[in-house]
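Peer 1: Please read through the structure below; I'll follow up with questions.
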Amino acid sequence: MARRTKIYEGKAKILYEGPEPGTIVQFFKDDATAFNAQKKDVIEGKGVLNNRLSEYFMVGLQNIGIPTHFLKRLNMREQLVRSCEIVPLEVIVRNYAAGSLCTRLGVEEGTQLPRPIVEYCYKDDALGDPLVTEEHIAAFGWASQQEMDDILSLALRVNDYLSGVMYGVGIRLVDFKIEIGRVFEGDYQRLVVADEISPDSCRLWDLETGRKLDKDVFRRDLGNLTDAYSEVAKRLGILQNNATSIKPTVVN
Ligand code: UDP
């Protein structure tokens, strides 16, 4: 069996060289980290769920004309994606106040925001991914002005799509983070939604009960994380409704 070349290992995923040039295999680990990796655990089944959920959202985005890096799911834990140059920003969209917005601005958790708020953090673990403004992004050349316009428009389109899909299954999309990649095609370059979209990178609250169905379950010790992620997958029809385990019951 041929050994694969590992390109990068992050907190929740490993990237391997793909079978063809310009492709990458994205492997979803079961590792969970929070508070800049100060809290760590292995949550059995999380990687399988995130692989399926991210596939679901990326395919949904592509179906409405929003480009992503996703090519196809390979197996339970891996997906094939287009290789891209990641813009070094975490793009956060917020519909309701939660997390760092509450701490920074003293807004009560759960407050509906008058309009979606888009924030940018500079991707640097050593610095704790600091919040930055468009001035910093332009001054340090992390993205061009044209790219920033495109990133804002992509982020708001993703927000509309994800909010609608979630609302349809009784879940409030409180906030989420996406990453954007540059894909090169000959002389052209375009931006795509990259990385992953999963309950690791979104805040999802049950519309009726307010139950948290995202990584805050792990961050705040609110119960079983795979139960929460499985609930999201079941509501979206990715897992059978009577499924108690993600292993034998995943619908293909
Ligand atoms: N987020 C993420 N990765 C990060 C930071 C934030 O996926 O490194 C997501 C987080 O899950 C939430 C949103 O971005 O859905 C906003 O996070 P926030 O700024 O409130 O930070 P946190 O409270 O998670 O530290």
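Every chain in the structure tokens has a letter given in the order shown (A, B, ...), and although residue numbers restart at 1 in each chain, ligands are simply numbered from 1 in the order shown.
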List every residue of chain A that has an atom at most 7 Å from any atom of ligand 1, and for each one report the closest atom pair and its distance in Å to one decimal, counting only C-alpha atoms and all ligand atoms, with rows sorted by chain and then by increasing residue number, as CSV.
Peer 2:
residue,atom,partner,partner_atom_place_in_ligand_line,distance
A:Phe35,CA,ligand 1,25 (O),6.4
A:Ile92,CA,ligand 1,14 (O),5.5
A:Ala98,CA,ligand 1,20 (O),5.6
A:Gly99,CA,ligand 1,23 (O),3.4
A:Ser100,CA,ligand 1,20 (O),3.9
A:Leu101,CA,ligand 1,20 (O),5.7
A:Asp129,CA,ligand 1,8 (O),6.8
A:Asp175,CA,ligand 1,15 (O),4.8
A:Phe176,CA,ligand 1,15 (O),3.9
A:Lys177,CA,ligand 1,14 (O),4.2
A:Asp200,CA,ligand 1,11 (O),5.7
A:Ser201,CA,ligand 1,7 (O),3.3
A:Cys202,CA,ligand 1,15 (O),3.6
A:Arg203,CA,ligand 1,15 (O),4.4
A:Lys215,CA,ligand 1,11 (O),6.5
Peer 1: Which residues, written as a VMD selection string, have at least one atom at most 10 Å from stretch 122-126 of chain A, with only C-alpha atoms counted and residues fewer than 4 positions away on the same chain left out?
Peer 2: chain A and resid 36 to 37 86 to 91 130 to 133 136 to 137 142 179
Peer 1: Include N, CA, C and O atoms and write out the residues we just selected as a tab-separated table (two decimals), in the first residue's frame.
Peer 2:
chain	number	residue	atom	x	y	z
A	36	ASN	N	-8.26	28.03	22.07
A	36	ASN	CA	-6.94	28.00	21.44
A	36	ASN	C	-6.15	26.76	21.89
A	36	ASN	O	-4.98	26.84	22.26
A	37	ALA	N	-6.85	25.61	21.88
A	37	ALA	CA	-6.26	24.28	22.18
A	37	ALA	C	-5.86	24.09	23.64
A	37	ALA	O	-5.16	23.15	23.97
A	86	ILE	N	-5.10	29.41	1.15
A	86	ILE	CA	-6.08	29.92	2.13
A	86	ILE	C	-5.77	31.39	2.46
A	86	ILE	O	-4.63	31.75	2.78
A	87	VAL	N	-6.78	32.24	2.35
A	87	VAL	CA	-6.65	33.64	2.77
A	87	VAL	C	-6.51	33.59	4.30
A	87	VAL	O	-7.30	32.93	4.96
A	88	PRO	N	-5.50	34.26	4.87
A	88	PRO	CA	-5.22	34.05	6.30
A	88	PRO	C	-6.21	34.77	7.24
A	88	PRO	O	-5.81	35.46	8.18
A	89	LEU	N	-7.50	34.60	6.96
A	89	LEU	CA	-8.53	35.26	7.76
A	89	LEU	C	-9.60	34.26	8.16
A	89	LEU	O	-9.96	33.39	7.36
A	90	GLU	N	-10.12	34.38	9.38
A	90	GLU	CA	-11.33	33.67	9.74
A	90	GLU	C	-12.46	34.67	9.52
A	90	GLU	O	-12.43	35.78	10.07
A	91	VAL	N	-13.39	34.31	8.68
A	91	VAL	CA	-14.50	35.21	8.37
A	91	VAL	C	-15.69	34.76	9.22
A	91	VAL	O	-16.19	33.65	9.06
A	130	PRO	N	-6.33	37.14	16.40
A	130	PRO	CA	-6.89	38.44	16.81
A	130	PRO	C	-7.88	39.03	15.80
A	130	PRO	O	-7.72	38.83	14.58
A	131	LEU	N	-8.87	39.73	16.32
A	131	LEU	CA	-9.82	40.46	15.49
A	131	LEU	C	-9.07	41.56	14.76
A	131	LEU	O	-8.27	42.27	15.37
A	132	VAL	N	-9.31	41.69	13.44
A	132	VAL	CA	-8.65	42.75	12.69
A	132	VAL	C	-9.69	43.51	11.85
A	132	VAL	O	-10.79	43.01	11.64
A	133	THR	N	-9.31	44.69	11.39
A	133	THR	CA	-10.22	45.47	10.55
A	133	THR	C	-9.75	45.38	9.10
A	133	THR	O	-8.65	44.90	8.81
A	136	HIS	N	-6.30	46.77	8.55
A	136	HIS	CA	-5.15	45.86	8.76
A	136	HIS	C	-4.98	44.94	7.55
A	136	HIS	O	-3.87	44.69	7.09
A	137	ILE	N	-6.11	44.44	7.06
A	137	ILE	CA	-6.06	43.46	5.96
A	137	ILE	C	-5.43	44.11	4.72
A	137	ILE	O	-4.58	43.52	4.06
A	142	TRP	N	-3.10	41.02	3.28
A	142	TRP	CA	-3.63	39.66	3.43
A	142	TRP	C	-4.69	39.36	2.38
A	142	TRP	O	-4.92	38.22	2.02
A	179	GLU	N	-13.70	29.87	6.04
A	179	GLU	CA	-12.40	30.26	5.50
A	179	GLU	C	-12.53	30.30	3.98
A	179	GLU	O	-13.33	29.57	3.40
Peer 1: Compile the contact shell of A:Lys39 as number ranges by chain: residues with an atom at most 12 Å away, counting only C-alpha atoms, same-chain residues fewer than 2 positions apart removed.
Peer 2: A: 11, 31-37, 41-42, 218-221
Peer 1: From a DSSP pass on the backbone, collect the residues of stretch 70-143 of chain A flagged as helix (DSSP H, G or I) and hand them back as a PyMOL selection string.
Peer 2: chain A and resi 99-105+125-127+134-139
Peer 1: A:Leu71: which residues within 9 Å, counting only C-alpha atoms, same-chain residues fewer than 5 positions away excluded, as an MDAnalysis selection string?
Peer 2: chainID A and resid 23 59 79:82
Peer 1: Any chance you could export the current selection's N, CA and C atoms as a PDB file, in the first residue's frame?
Peer 2:
ATOM      1  N   THR A  23      -5.351  18.554  -6.163  1.00  0.00           N
ATOM      2  CA  THR A  23      -6.356  18.000  -5.238  1.00  0.00           C
ATOM      3  C   THR A  23      -5.699  17.670  -3.899  1.00  0.00           C
ATOM      4  N   VAL A  59     -22.047  20.981  -0.733  1.00  0.00           N
ATOM      5  CA  VAL A  59     -22.812  20.618  -1.938  1.00  0.00           C
ATOM      6  C   VAL A  59     -24.020  21.548  -2.078  1.00  0.00           C
ATOM      7  N   GLN A  79     -12.636  13.492   2.496  1.00  0.00           N
ATOM      8  CA  GLN A  79     -13.228  14.089   1.299  1.00  0.00           C
ATOM      9  C   GLN A  79     -12.108  14.656   0.421  1.00  0.00           C
ATOM     10  N   LEU A  80     -12.396  14.651  -0.887  1.00  0.00           N
ATOM     11  CA  LEU A  80     -11.449  15.194  -1.847  1.00  0.00           C
ATOM     12  C   LEU A  80     -11.832  16.653  -2.087  1.00  0.00           C
ATOM     13  N   VAL A  81     -10.836  17.540  -1.975  1.00  0.00           N
ATOM     14  CA  VAL A  81     -11.112  18.955  -2.186  1.00  0.00           C
ATOM     15  C   VAL A  81     -10.073  19.530  -3.147  1.00  0.00           C
ATOM     16  N   ARG A  82     -10.409  20.695  -3.703  1.00  0.00           N
ATOM     17  CA  ARG A  82      -9.439  21.358  -4.577  1.00  0.00           C
ATOM     18  C   ARG A  82      -8.397  22.045  -3.716  1.00  0.00           C
TER      19      ARG A  82
END
Peer 1: List the spatial neighbours of A:Asp195 as a PyMOL selection string - criterion: any atom at most 10 Å away, only C-alpha atoms, same-chain residues fewer than 4 positions off excluded.
Peer 2: chain A and resi 13+26+54+58+68-70+81+84+86+178-181
Peer 1: Sorted by chain and rising residue number, which residues of stretch 192-215 of chain A lie within 10 Å of stretch 229-243 of chain A, and what are their closest atom pairs and distances in Å to one decimal, counting only C-alpha atoms, as JSON lines?
Peer 2:
{"residue": "A:Ser198", "atom": "CA", "partner": "A:Tyr229", "partner_atom": "CA", "distance": 8.7}
{"residue": "A:Pro199", "atom": "CA", "partner": "A:Tyr229", "partner_atom": "CA", "distance": 6.6}
{"residue": "A:Asp200", "atom": "CA", "partner": "A:Tyr229", "partner_atom": "CA", "distance": 9.0}
{"residue": "A:Leu204", "atom": "CA", "partner": "A:Val232", "partner_atom": "CA", "distance": 8.7}
{"residue": "A:Asp206", "atom": "CA", "partner": "A:Val232", "partner_atom": "CA", "distance": 9.5}
{"residue": "A:Lys212", "atom": "CA", "partner": "A:Tyr229", "partner_atom": "CA", "distance": 9.8}
{"residue": "A:Leu213", "atom": "CA", "partner": "A:Tyr229", "partner_atom": "CA", "distance": 6.1}
{"residue": "A:Asp214", "atom": "CA", "partner": "A:Tyr229", "partner_atom": "CA", "distance": 6.6}
{"residue": "A:Lys215", "atom": "CA", "partner": "A:Tyr229", "partner_atom": "CA", "distance": 8.7}
Peer 1: Would you mind reading off the distance between atom CA of A:Pro116 and atom CA of A:Gly141, one decimal, in Å?
Peer 2: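 For atom CA of A:Pro116 relative to atom CA of A:Gly141, the distance reads 25.4 Å.
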Peer 1: What parts of stretch 13-108 of chain A does DSSP call strand (DSSP E or B)? I'd like the answer as a VMD selection string.
Peer 2: chain A and resid 13 to 17 23 to 28 31 to 34 39 to 42 68 70 to 73 78 to 82 85 to 86 89 to 96
Peer 1: Can you measure atom CA of A:Arg4 to atom CA of A:Leu74 for me? One decimal in Å is fine.
Peer 2: 14.8 Å
Peer 1: List the spatial neighbours of stretch 45-50 of chain A as a list in words - criterion: any atom at most 6 Å away, only C-alpha atoms, same-chain residues fewer than 4 positions off excluded.
Peer 2: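 What passes the distance filter is Phe28, Lys29, Asp30, Ser54, Met76, Arg77, Ser198 and Thr226 of chain A.
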Peer 1: Taking 6 positions as the minimum chain separation for residues in the same chain, which residues sit within 10 Å of A:Ala97 when counting only C-alpha atoms? Answer as a ChimeraX atom specification.
Peer 2: /A:103,105-113,117,174-175
Peer 1: Would you mind exporting N, CA, C and O atoms of the selected residues as a PDB file, in the first residue's frame?
Peer 2:
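Result file result_18.pdb:
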ATOM      1  N   THR A 103     -18.513  39.059  25.178  1.00  0.00           N
ATOM      2  CA  THR A 103     -17.433  39.452  26.105  1.00  0.00           C
ATOM      3  C   THR A 103     -16.866  40.809  25.714  1.00  0.00           C
ATOM      4  O   THR A 103     -16.606  41.647  26.581  1.00  0.00           O
ATOM      5  N   LEU A 105     -18.263  43.298  23.825  1.00  0.00           N
ATOM      6  CA  LEU A 105     -19.137  44.473  23.757  1.00  0.00           C
ATOM      7  C   LEU A 105     -20.198  44.513  24.862  1.00  0.00           C
ATOM      8  O   LEU A 105     -21.014  45.441  24.899  1.00  0.00           O
ATOM      9  N   GLY A 106     -20.214  43.478  25.698  1.00  0.00           N
ATOM     10  CA  GLY A 106     -21.176  43.479  26.806  1.00  0.00           C
ATOM     11  C   GLY A 106     -22.617  43.293  26.355  1.00  0.00           C
ATOM     12  O   GLY A 106     -23.545  43.666  27.061  1.00  0.00           O
ATOM     13  N   VAL A 107     -22.817  42.698  25.185  1.00  0.00           N
ATOM     14  CA  VAL A 107     -24.179  42.445  24.693  1.00  0.00           C
ATOM     15  C   VAL A 107     -24.654  41.122  25.292  1.00  0.00           C
ATOM     16  O   VAL A 107     -23.861  40.185  25.428  1.00  0.00           O
ATOM     17  N   GLU A 108     -25.929  41.040  25.645  1.00  0.00           N
ATOM     18  CA  GLU A 108     -26.433  39.815  26.268  1.00  0.00           C
ATOM     19  C   GLU A 108     -26.506  38.683  25.252  1.00  0.00           C
ATOM     20  O   GLU A 108     -26.953  38.895  24.109  1.00  0.00           O
ATOM     21  N   GLU A 109     -26.063  37.487  25.658  1.00  0.00           N
ATOM     22  CA  GLU A 109     -26.076  36.335  24.758  1.00  0.00           C
ATOM     23  C   GLU A 109     -27.494  36.088  24.238  1.00  0.00           C
ATOM     24  O   GLU A 109     -28.456  36.125  25.013  1.00  0.00           O
ATOM     25  N   GLY A 110     -27.618  35.874  22.954  1.00  0.00           N
ATOM     26  CA  GLY A 110     -28.924  35.568  22.370  1.00  0.00           C
ATOM     27  C   GLY A 110     -29.633  36.779  21.788  1.00  0.00           C
ATOM     28  O   GLY A 110     -30.657  36.643  21.117  1.00  0.00           O
ATOM     29  N   THR A 111     -29.094  37.987  22.016  1.00  0.00           N
ATOM     30  CA  THR A 111     -29.716  39.192  21.453  1.00  0.00           C
ATOM     31  C   THR A 111     -29.683  39.126  19.932  1.00  0.00           C
ATOM     32  O   THR A 111     -28.621  38.878  19.339  1.00  0.00           O
ATOM     33  N   GLN A 112     -30.837  39.352  19.309  1.00  0.00           N
ATOM     34  CA  GLN A 112     -30.844  39.358  17.840  1.00  0.00           C
ATOM     35  C   GLN A 112     -30.153  40.631  17.353  1.00  0.00           C
ATOM     36  O   GLN A 112     -30.443  41.729  17.847  1.00  0.00           O
ATOM     37  N   LEU A 113     -29.245  40.483  16.412  1.00  0.00           N
ATOM     38  CA  LEU A 113     -28.510  41.649  15.921  1.00  0.00           C
ATOM     39  C   LEU A 113     -29.354  42.354  14.860  1.00  0.00           C
ATOM     40  O   LEU A 113     -30.083  41.691  14.110  1.00  0.00           O
ATOM     41  N   ILE A 117     -23.596  40.742  11.233  1.00  0.00           N
ATOM     42  CA  ILE A 117     -22.319  41.436  11.426  1.00  0.00           C
ATOM     43  C   ILE A 117     -21.203  40.516  10.940  1.00  0.00           C
ATOM     44  O   ILE A 117     -21.137  39.353  11.340  1.00  0.00           O
ATOM     45  N   VAL A 174     -26.838  30.983  14.886  1.00  0.00           N
ATOM     46  CA  VAL A 174     -26.443  32.128  15.708  1.00  0.00           C
ATOM     47  C   VAL A 174     -25.243  32.838  15.076  1.00  0.00           C
ATOM     48  O   VAL A 174     -25.253  34.047  14.864  1.00  0.00           O
ATOM     49  N   ASP A 175     -24.218  32.058  14.756  1.00  0.00           N
ATOM     50  CA  ASP A 175     -23.040  32.610  14.079  1.00  0.00           C
ATOM     51  C   ASP A 175     -22.255  31.472  13.450  1.00  0.00           C
ATOM     52  O   ASP A 175     -22.563  30.302  13.681  1.00  0.00           O
TER      53      ASP A 175
END
Peer 1: What is the atom CA of A:Arg73-atom CA of A:Glu20 distance in Å, reported with one decimal?
Peer 2: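 A separation of 15.2 Å between them.
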Peer 1: Between A:Glu208, A:Glu78, A:Glu196, A:Glu135, which residue has the minimum interatomic distance to A:Met148, considering only C-alpha atoms?
Peer 2: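 Nearest candidate to A:Met148 out of A:Glu208, A:Glu78, A:Glu196, A:Glu135: A:Glu135.
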